[in-house]
$ cat protein_20.pdb   # PDB, C-alpha atoms, pLDDT in the B column
MODEL        1
ATOM      1  CA  MET A   6     117.444 111.284 -77.681  1.00 41.00           C
ATOM      2  CA  ALA A   7     119.327 112.400 -80.774  1.00 58.00           C
ATOM      3  CA  THR A   8     117.291 113.110 -83.868  1.00 71.00           C
ATOM      4  CA  TRP A   9     118.206 113.569 -87.512  1.00 68.00           C
ATOM      5  CA  ARG A  10     117.511 117.324 -87.124  1.00 69.00           C
ATOM      6  CA  LYS A  11     120.864 117.853 -85.379  1.00 72.00           C
ATOM      7  CA  LYS A  12     122.767 116.504 -88.392  1.00 74.00           C
ATOM      8  CA  VAL A  13     121.562 119.058 -90.958  1.00 76.00           C
ATOM      9  CA  LEU A  14     122.187 122.797 -90.569  1.00 77.00           C
ATOM     10  CA  LYS A  15     119.499 123.891 -93.028  1.00 76.00           C
ATOM     11  CA  GLU A  16     116.307 125.524 -91.710  1.00 79.00           C
ATOM     12  CA  GLU A  17     113.886 123.657 -93.989  1.00 82.00           C
ATOM     13  CA  PRO A  18     115.481 120.349 -95.071  1.00 79.00           C
ATOM     14  CA  ASP A  19     113.887 118.435 -97.938  1.00 84.00           C
ATOM     15  CA  GLN A  20     113.255 114.679 -97.984  1.00 87.00           C
ATOM     16  CA  LEU A  21     116.678 113.767 -99.361  1.00 86.00           C
ATOM     17  CA  GLU A  22     118.433 115.786 -96.655  1.00 83.00           C
ATOM     18  CA  GLN A  23     116.258 114.151 -93.999  1.00 84.00           C
ATOM     19  CA  ALA A  24     117.115 110.704 -95.370  1.00 87.00           C
ATOM     20  CA  VAL A  25     120.860 111.474 -95.416  1.00 85.00           C
ATOM     21  CA  ALA A  26     120.702 112.867 -91.870  1.00 84.00           C
ATOM     22  CA  GLN A  27     118.798 109.801 -90.659  1.00 85.00           C
ATOM     23  CA  ALA A  28     121.312 107.480 -92.353  1.00 85.00           C
ATOM     24  CA  MET A  29     124.206 109.306 -90.664  1.00 83.00           C
ATOM     25  CA  LEU A  30     122.419 109.081 -87.315  1.00 82.00           C
ATOM     26  CA  ASP A  31     121.786 105.346 -87.806  1.00 82.00           C
ATOM     27  CA  LEU A  32     125.455 104.852 -88.634  1.00 80.00           C
ATOM     28  CA  GLU A  33     126.430 106.734 -85.478  1.00 79.00           C
ATOM     29  CA  LYS A  34     124.142 104.552 -83.360  1.00 79.00           C
ATOM     30  CA  ALA A  35     125.321 101.306 -84.974  1.00 78.00           C
ATOM     31  CA  ASP A  36     129.031 102.083 -84.688  1.00 65.00           C
ATOM     32  CA  GLY A  37     130.780 101.791 -81.355  1.00 61.00           C
ATOM     33  CA  GLY A  38     134.101 102.921 -80.001  1.00 59.00           C
ATOM     34  CA  GLN A  39     136.202 105.890 -81.079  1.00 65.00           C
ATOM     35  CA  GLN A  40     134.418 106.475 -84.391  1.00 73.00           C
ATOM     36  CA  LYS A  41     131.109 107.014 -82.632  1.00 73.00           C
ATOM     37  CA  ALA A  42     132.454 110.195 -81.023  1.00 71.00           C
ATOM     38  CA  GLU A  43     133.820 111.381 -84.368  1.00 76.00           C
ATOM     39  CA  LEU A  44     130.547 110.602 -86.147  1.00 78.00           C
ATOM     40  CA  ARG A  45     128.571 112.510 -83.515  1.00 80.00           C
ATOM     41  CA  ASP A  46     130.292 115.795 -84.406  1.00 81.00           C
ATOM     42  CA  LEU A  47     129.617 115.526 -88.138  1.00 84.00           C
ATOM     43  CA  VAL A  48     126.919 117.786 -89.578  1.00 84.00           C
ATOM     44  CA  PHE A  49     126.189 118.882 -93.130  1.00 86.00           C
ATOM     45  CA  ILE A  50     124.684 121.958 -94.776  1.00 88.00           C
ATOM     46  CA  SER A  51     122.729 120.486 -97.669  1.00 87.00           C
ATOM     47  CA  ALA A  52     122.358 117.491 -99.950  1.00 88.00           C
ATOM     48  CA  SER A  53     121.199 117.325-103.553  1.00 89.00           C
ATOM     49  CA  GLU A  54     120.884 114.807-106.347  1.00 90.00           C
ATOM     50  CA  VAL A  55     122.696 115.215-109.649  1.00 89.00           C
ATOM     51  CA  ASP A  56     121.699 113.289-112.765  1.00 88.00           C
ATOM     52  CA  VAL A  57     124.464 111.172-114.243  1.00 87.00           C
ATOM     53  CA  ALA A  58     124.350 109.445-117.635  1.00 79.00           C
ATOM     54  CA  ALA A  59     121.982 106.509-118.218  1.00 77.00           C
ATOM     55  CA  GLY A  60     119.482 107.465-115.515  1.00 80.00           C
ATOM     56  CA  LYS A  61     121.921 107.077-112.622  1.00 86.00           C
ATOM     57  CA  LYS A  62     122.137 109.686-109.889  1.00 89.00           C
ATOM     58  CA  ALA A  63     124.775 110.962-107.510  1.00 89.00           C
ATOM     59  CA  ILE A  64     124.207 112.550-104.114  1.00 90.00           C
ATOM     60  CA  VAL A  65     126.284 115.654-103.383  1.00 91.00           C
ATOM     61  CA  ILE A  66     126.582 116.479 -99.688  1.00 90.00           C
ATOM     62  CA  VAL A  67     127.842 119.976 -98.848  1.00 91.00           C
ATOM     63  CA  VAL A  68     129.662 120.120 -95.528  1.00 90.00           C
ATOM     64  CA  PRO A  69     131.073 123.085 -93.564  1.00 91.00           C
ATOM     65  CA  TYR A  70     134.647 123.764 -94.627  1.00 90.00           C
ATOM     66  CA  ILE A  71     135.827 123.464 -91.019  1.00 89.00           C
ATOM     67  CA  LEU A  72     134.536 119.878 -90.820  1.00 86.00           C
ATOM     68  CA  LEU A  73     135.824 118.774 -94.230  1.00 87.00           C
ATOM     69  CA  ASN A  74     138.935 117.071 -92.792  1.00 88.00           C
ATOM     70  CA  ASN A  75     136.787 115.191 -90.268  1.00 85.00           C
ATOM     71  CA  PHE A  76     134.606 113.922 -93.132  1.00 85.00           C
ATOM     72  CA  ARG A  77     137.753 112.895 -95.025  1.00 88.00           C
ATOM     73  CA  LYS A  78     139.002 110.838 -92.070  1.00 86.00           C
ATOM     74  CA  LEU A  79     135.754 108.847 -92.118  1.00 85.00           C
ATOM     75  CA  HIS A  80     135.244 109.048 -95.897  1.00 85.00           C
ATOM     76  CA  HIS A  81     135.464 105.319 -96.533  1.00 86.00           C
ATOM     77  CA  ILE A  82     132.976 104.406 -93.795  1.00 84.00           C
ATOM     78  CA  LEU A  83     130.525 107.171 -94.709  1.00 85.00           C
ATOM     79  CA  THR A  84     130.522 106.583 -98.464  1.00 87.00           C
ATOM     80  CA  MET A  85     130.290 102.824 -98.119  1.00 85.00           C
ATOM     81  CA  ASN A  86     127.317 102.980 -95.744  1.00 85.00           C
ATOM     82  CA  LEU A  87     125.501 105.827 -97.511  1.00 86.00           C
ATOM     83  CA  GLU A  88     125.926 104.183-100.933  1.00 85.00           C
ATOM     84  CA  LYS A  89     124.546 100.990 -99.421  1.00 86.00           C
ATOM     85  CA  LYS A  90     121.576 102.918 -97.979  1.00 86.00           C
ATOM     86  CA  PHE A  91     120.896 104.810-101.242  1.00 85.00           C
ATOM     87  CA  SER A  92     121.447 101.903-103.603  1.00 84.00           C
ATOM     88  CA  GLY A  93     122.758 102.768-107.054  1.00 76.00           C
ATOM     89  CA  LYS A  94     123.781 106.321-106.137  1.00 87.00           C
ATOM     90  CA  HIS A  95     127.327 107.562-105.642  1.00 89.00           C
ATOM     91  CA  VAL A  96     127.921 109.825-102.631  1.00 90.00           C
ATOM     92  CA  ILE A  97     130.288 112.800-102.922  1.00 90.00           C
ATOM     93  CA  PHE A  98     131.269 115.170-100.097  1.00 91.00           C
ATOM     94  CA  ILE A  99     132.321 118.737-100.913  1.00 92.00           C
ATOM     95  CA  GLY A 100     133.289 121.615 -98.648  1.00 91.00           C
ATOM     96  CA  GLN A 101     131.344 124.851 -98.705  1.00 91.00           C
ATOM     97  CA  ARG A 102     133.508 127.615-100.126  1.00 89.00           C
ATOM     98  CA  ARG A 103     132.829 131.241-100.929  1.00 88.00           C
ATOM     99  CA  ILE A 104     133.806 133.132-104.064  1.00 84.00           C
ATOM    100  CA  LEU A 105     134.384 136.823-103.470  1.00 82.00           C
ATOM    101  CA  PRO A 106     133.838 139.193-106.413  1.00 81.00           C
ATOM    102  CA  LYS A 107     136.688 140.977-108.099  1.00 81.00           C
ATOM    103  CA  GLU A 108     137.195 144.563-107.057  1.00 76.00           C
ATOM    104  CA  SER A 109     135.849 146.904-109.728  1.00 73.00           C
ATOM    105  CA  ARG A 110     134.625 150.476-110.046  1.00 70.00           C
ATOM    106  CA  ASN A 111     131.179 149.586-108.801  1.00 73.00           C
ATOM    107  CA  ASN A 112     132.184 147.764-105.628  1.00 70.00           C
ATOM    108  CA  LYS A 113     135.253 149.668-104.425  1.00 68.00           C
ATOM    109  CA  ARG A 114     135.213 149.732-100.663  1.00 67.00           C
ATOM    110  CA  LYS A 115     137.960 150.033 -98.148  1.00 62.00           C
ATOM    111  CA  ARG A 116     138.550 146.435 -97.210  1.00 68.00           C
ATOM    112  CA  GLN A 117     141.269 143.830 -97.240  1.00 72.00           C
ATOM    113  CA  GLN A 118     142.604 142.431-100.443  1.00 79.00           C
ATOM    114  CA  ARG A 119     140.705 139.373-101.635  1.00 78.00           C
ATOM    115  CA  PRO A 120     142.456 136.159-100.521  1.00 78.00           C
ATOM    116  CA  ARG A 121     143.604 133.793-103.273  1.00 82.00           C
ATOM    117  CA  SER A 122     141.512 131.012-101.754  1.00 82.00           C
ATOM    118  CA  ARG A 123     138.331 133.031-102.447  1.00 83.00           C
ATOM    119  CA  THR A 124     138.933 133.503-106.185  1.00 85.00           C
ATOM    120  CA  LEU A 125     136.819 131.680-108.759  1.00 86.00           C
ATOM    121  CA  THR A 126     139.765 129.666-110.038  1.00 86.00           C
ATOM    122  CA  ALA A 127     140.904 128.571-106.578  1.00 91.00           C
ATOM    123  CA  VAL A 128     137.392 127.526-105.550  1.00 91.00           C
ATOM    124  CA  HIS A 129     136.896 125.507-108.758  1.00 90.00           C
ATOM    125  CA  GLU A 130     140.278 123.786-108.254  1.00 91.00           C
ATOM    126  CA  ALA A 131     139.345 122.945-104.661  1.00 91.00           C
ATOM    127  CA  LEU A 132     135.956 121.575-105.797  1.00 92.00           C
ATOM    128  CA  LEU A 133     137.776 119.327-108.248  1.00 92.00           C
ATOM    129  CA  GLU A 134     139.944 118.001-105.411  1.00 90.00           C
ATOM    130  CA  ASP A 135     136.874 117.445-103.196  1.00 90.00           C
ATOM    131  CA  ILE A 136     134.950 115.612-105.901  1.00 90.00           C
ATOM    132  CA  ALA A 137     137.818 113.277-106.809  1.00 89.00           C
ATOM    133  CA  TYR A 138     138.736 112.539-103.171  1.00 87.00           C
ATOM    134  CA  PRO A 139     140.200 110.038-102.111  1.00 85.00           C
ATOM    135  CA  THR A 140     141.668 109.572-105.591  1.00 86.00           C
ATOM    136  CA  GLU A 141     144.755 111.696-106.146  1.00 88.00           C
ATOM    137  CA  ILE A 142     144.899 114.066-109.125  1.00 88.00           C
ATOM    138  CA  VAL A 143     148.280 113.629-110.833  1.00 89.00           C
ATOM    139  CA  GLY A 144     147.860 115.963-113.806  1.00 88.00           C
ATOM    140  CA  LYS A 145     145.575 118.403-115.598  1.00 89.00           C
ATOM    141  CA  ARG A 146     145.398 119.526-119.202  1.00 88.00           C
ATOM    142  CA  LEU A 147     143.181 122.251-120.588  1.00 87.00           C
ATOM    143  CA  ARG A 148     142.241 121.756-124.217  1.00 86.00           C
ATOM    144  CA  VAL A 149     140.904 124.744-126.134  1.00 88.00           C
ATOM    145  CA  ARG A 150     139.271 123.695-129.397  1.00 86.00           C
ATOM    146  CA  THR A 151     139.124 125.796-132.549  1.00 90.00           C
ATOM    147  CA  ASP A 152     135.535 126.814-131.759  1.00 91.00           C
ATOM    148  CA  ASN A 153     136.875 128.277-128.481  1.00 87.00           C
ATOM    149  CA  SER A 154     135.214 125.632-126.280  1.00 86.00           C
ATOM    150  CA  ARG A 155     137.291 124.371-123.368  1.00 88.00           C
ATOM    151  CA  LEU A 156     137.715 120.859-122.075  1.00 88.00           C
ATOM    152  CA  LEU A 157     139.610 120.089-118.877  1.00 89.00           C
ATOM    153  CA  LYS A 158     141.300 116.680-118.835  1.00 91.00           C
ATOM    154  CA  VAL A 159     142.074 115.480-115.331  1.00 91.00           C
ATOM    155  CA  HIS A 160     144.468 112.569-114.890  1.00 91.00           C
ATOM    156  CA  LEU A 161     143.819 110.501-111.787  1.00 89.00           C
ATOM    157  CA  ASN A 162     146.318 108.209-110.090  1.00 88.00           C
ATOM    158  CA  PRO A 163     146.350 104.876-111.973  1.00 87.00           C
ATOM    159  CA  LYS A 164     146.955 102.992-108.703  1.00 87.00           C
ATOM    160  CA  GLU A 165     143.418 103.881-107.630  1.00 84.00           C
ATOM    161  CA  LYS A 166     141.782 102.939-110.930  1.00 84.00           C
ATOM    162  CA  GLN A 167     140.087  99.883-109.468  1.00 85.00           C
ATOM    163  CA  ASN A 168     138.292 101.894-106.746  1.00 83.00           C
ATOM    164  CA  ALA A 169     137.335 105.008-108.722  1.00 82.00           C
ATOM    165  CA  GLU A 170     136.736 103.834-112.285  1.00 82.00           C
ATOM    166  CA  GLY A 171     132.997 103.363-111.769  1.00 83.00           C
ATOM    167  CA  LYS A 172     132.604 106.844-110.291  1.00 86.00           C
ATOM    168  CA  VAL A 173     134.301 108.812-113.084  1.00 88.00           C
ATOM    169  CA  GLU A 174     131.005 109.664-114.818  1.00 89.00           C
ATOM    170  CA  SER A 175     129.568 110.873-111.521  1.00 89.00           C
ATOM    171  CA  PHE A 176     132.636 113.049-110.894  1.00 90.00           C
ATOM    172  CA  ALA A 177     132.272 114.706-114.315  1.00 90.00           C
ATOM    173  CA  ALA A 178     128.514 115.257-113.962  1.00 91.00           C
ATOM    174  CA  VAL A 179     128.835 116.788-110.483  1.00 91.00           C
ATOM    175  CA  TYR A 180     131.670 119.117-111.551  1.00 91.00           C
ATOM    176  CA  LYS A 181     129.673 120.209-114.621  1.00 91.00           C
ATOM    177  CA  LYS A 182     126.604 120.894-112.458  1.00 91.00           C
ATOM    178  CA  LEU A 183     128.541 122.907-109.846  1.00 91.00           C
ATOM    179  CA  THR A 184     130.839 124.927-112.118  1.00 90.00           C
ATOM    180  CA  GLY A 185     129.397 124.716-115.635  1.00 90.00           C
ATOM    181  CA  LYS A 186     132.762 123.476-116.964  1.00 89.00           C
ATOM    182  CA  SER A 187     133.246 120.291-118.966  1.00 89.00           C
ATOM    183  CA  VAL A 188     135.757 117.863-117.558  1.00 91.00           C
ATOM    184  CA  VAL A 189     137.006 114.397-118.501  1.00 92.00           C
ATOM    185  CA  PHE A 190     138.614 112.131-115.910  1.00 90.00           C
ATOM    186  CA  THR A 191     141.154 109.593-117.164  1.00 90.00           C
ATOM    187  CA  PHE A 192     143.612 107.092-115.735  1.00 87.00           C
ATOM    188  CA  PRO A 193     146.843 107.338-117.753  1.00 84.00           C
ATOM    189  CA  ALA A 194     149.362 104.501-117.927  1.00 76.00           C
ATOM    190  CA  LYS A 195     151.876 104.627-115.075  1.00 64.00           C
ATOM    191  CA  ASP A 196     154.758 105.705-117.326  1.00 61.00           C
ATOM    192  CA  GLN A 197     152.715 108.395-119.168  1.00 61.00           C
ATOM    193  CA  TYR A 198     152.008 110.943-116.479  1.00 55.00           C
ATOM    194  CA  VAL A 199     154.317 113.442-114.894  1.00 55.00           C
ATOM    195  CA  GLY A 200     153.283 115.044-111.609  1.00 53.00           C
ATOM    196  CA  PHE A 201     152.844 118.778-111.168  1.00 47.00           C
TER     197      PHE A 201
ENDMDL
END
$ encode --input "protein_20.pdb" --output "structure tokens"
Amino acid sequence: MATWRKKVLKEEPDQLEQAVAQAMLDLEKADGGQQKAELRDLVFISASEVDVAAGKKAIVIVVPYILLNNFRKLHHILTMNLEKKFSGKHVIFIGQRRILPKESRNNKRKRQQRPRSRTLTAVHEALLEDIAYPTEIVGKRLRVRTDNSRLLKVHLNPKEKQNAEGKVESFAAVYKKLTGKSVVFTFPAKDQYVGF
């Protein structure tokens, strides 16, 4: 008999992680056909709650990077069912990524050059993509104010405004919690944005 323990890779899962694992297991049992086999292979590393404005919360589920595409295939089913289970909370899936330190005098060792995908900037860009998924990012602007504070403006695809407009606050709060950077998500008019 399958238990929720097989769904979470953490040694000592907390109550939220147990609840998420149990919800995924229930979804696997309830669903039949081809998706049942795909749901069986899905596991996650950890889950945490992030406070969003006005007392709302979002659940951030960290998944192994290798399984991220599998989670994206079933994103609609998983988010719909998990948001139904945890009423009033948005569910966001992000891949686990590693940031390698820059080579300096103190940590010079003979090793390979650091891959671009392991830099701080690349990991933060990838987190932004994960958080906004399935909404497409069509543009980014970095605003540096006179007091030297930075604000990242992310323009999302206006075609998906209806689906993602309610989650924009959650996206910003999760990104701020994970990276410490302020971000504003907007939906520009269709004729205003220019792709990358």
$ atom_distance --input "protein_20.pdb" --atom1 "CA of Val189 in chain A" --atom2 "CA of Asn153 in chain A"
17.1 Å
$ resolve_selection --input "protein_20.pdb" --expression "the PyMOL selection byres ((chain A and resi 16-21) around 10)" --output "PyMOL selection string"
chain A and resi 10+13-15+22-27+50-54+64
$ closest_residue --input "protein_20.pdb" --among "A:Ala35, A:Ala127, A:Tyr138, A:Ile104" --to "Lys78 in chain A" --atoms "all atoms listed in the file"
A:Tyr138
$ resolve_selection --input "protein_20.pdb" --expression "the PyMOL selection byres ((chain A and resi 68) around 7)" --output "list of chain:residue names"
A:Val48, A:Phe49, A:Ile50, A:Ile66, A:Val67, A:Pro69, A:Tyr70, A:Leu72, A:Leu73, A:Phe98, A:Ile99, A:Gly100, A:Gln101
$ write_last_selection --input "protein_20.pdb" --atoms "C-alpha atoms" --output "tab-separated table (two decimals), in the frame of the given file"
chain	number	residue	atom	x	y	z
A	48	VAL	CA	126.92	117.79	-89.58
A	49	PHE	CA	126.19	118.88	-93.13
A	50	ILE	CA	124.68	121.96	-94.78
A	66	ILE	CA	126.58	116.48	-99.69
A	67	VAL	CA	127.84	119.98	-98.85
A	69	PRO	CA	131.07	123.08	-93.56
A	70	TYR	CA	134.65	123.76	-94.63
A	72	LEU	CA	134.54	119.88	-90.82
A	73	LEU	CA	135.82	118.77	-94.23
A	98	PHE	CA	131.27	115.17	-100.10
A	99	ILE	CA	132.32	118.74	-100.91
A	100	GLY	CA	133.29	121.62	-98.65
A	101	GLN	CA	131.34	124.85	-98.70
$ closest_residue --input "protein_20.pdb" --among "A:Leu47, A:Leu30, A:Ile97, A:Leu183" --to "Ala137 in chain A" --atoms "all atoms listed in the file"
A:Ile97
$ atom_distance --input "protein_20.pdb" --atom1 "CA of Lys166 in chain A" --atom2 "CA of Lys182 in chain A"
23.6 Å
$ residues_around --input "protein_20.pdb" --residues "range 167-181 of chain A" --least-positions-apart "6" --cutoff "10 Å" --atoms "all atoms listed in the file" --output "JSON, numbers by chain"
{"A": [54, 55, 56, 57, 58, 61, 62, 63, 64, 65, 94, 95, 96, 97, 129, 132, 133, 135, 136, 137, 138, 139, 140, 159, 161, 187, 188, 189, 190, 191, 192]}
$ closest_residue --input "protein_20.pdb" --among "A:Gln117, A:Arg123, A:Arg110, A:Ala28" --to "Glu88 in chain A" --atoms "all atoms listed in the file"
A:Ala28
$ closest_residue --input "protein_20.pdb" --among "A:Glu108, A:Glu141, A:Asp152, A:Glu33" --to "Glu165 in chain A" --atoms "all atoms listed in the file"
A:Glu141
$ axis_aligned_box --input "protein_20.pdb" --around "range 64-81 of chain A" --padding-each-side "8 Å" --output "AutoDock Vina command-line options"
--center_x 131.6 --center_y 114.5 --center_z -97.2 --size_x 30.8 --size_y 34.4 --size_z 29.8
$ atom_distance --input "protein_20.pdb" --atom1 "CA of Arg155 in chain A" --atom2 "CA of Leu105 in chain A"
23.7 Å
$ residues_around --input "protein_20.pdb" --residues "Glu43 in chain A" --least-positions-apart "3" --cutoff "10 Å" --atoms "all atoms listed in the file" --output "PDB file with C-alpha atoms, in the frame of the given file"
ATOM      1  CA  GLU A  33     126.430 106.734 -85.478  1.00 79.00           C
ATOM      2  CA  GLY A  38     134.101 102.921 -80.001  1.00 59.00           C
ATOM      3  CA  GLN A  39     136.202 105.890 -81.079  1.00 65.00           C
ATOM      4  CA  GLN A  40     134.418 106.475 -84.391  1.00 73.00           C
ATOM      5  CA  ASP A  46     130.292 115.795 -84.406  1.00 81.00           C
ATOM      6  CA  LEU A  47     129.617 115.526 -88.138  1.00 84.00           C
ATOM      7  CA  ASN A  75     136.787 115.191 -90.268  1.00 85.00           C
ATOM      8  CA  PHE A  76     134.606 113.922 -93.132  1.00 85.00           C
ATOM      9  CA  LYS A  78     139.002 110.838 -92.070  1.00 86.00           C
ATOM     10  CA  LEU A  79     135.754 108.847 -92.118  1.00 85.00           C
TER      11      LEU A  79
END
$ residues_around --input "protein_20.pdb" --residues "range 142-147 of chain A" --least-positions-apart "4" --cutoff "6 Å" --atoms "only C-alpha atoms" --output "MDAnalysis selection string"
chainID A and resid 156:162 200
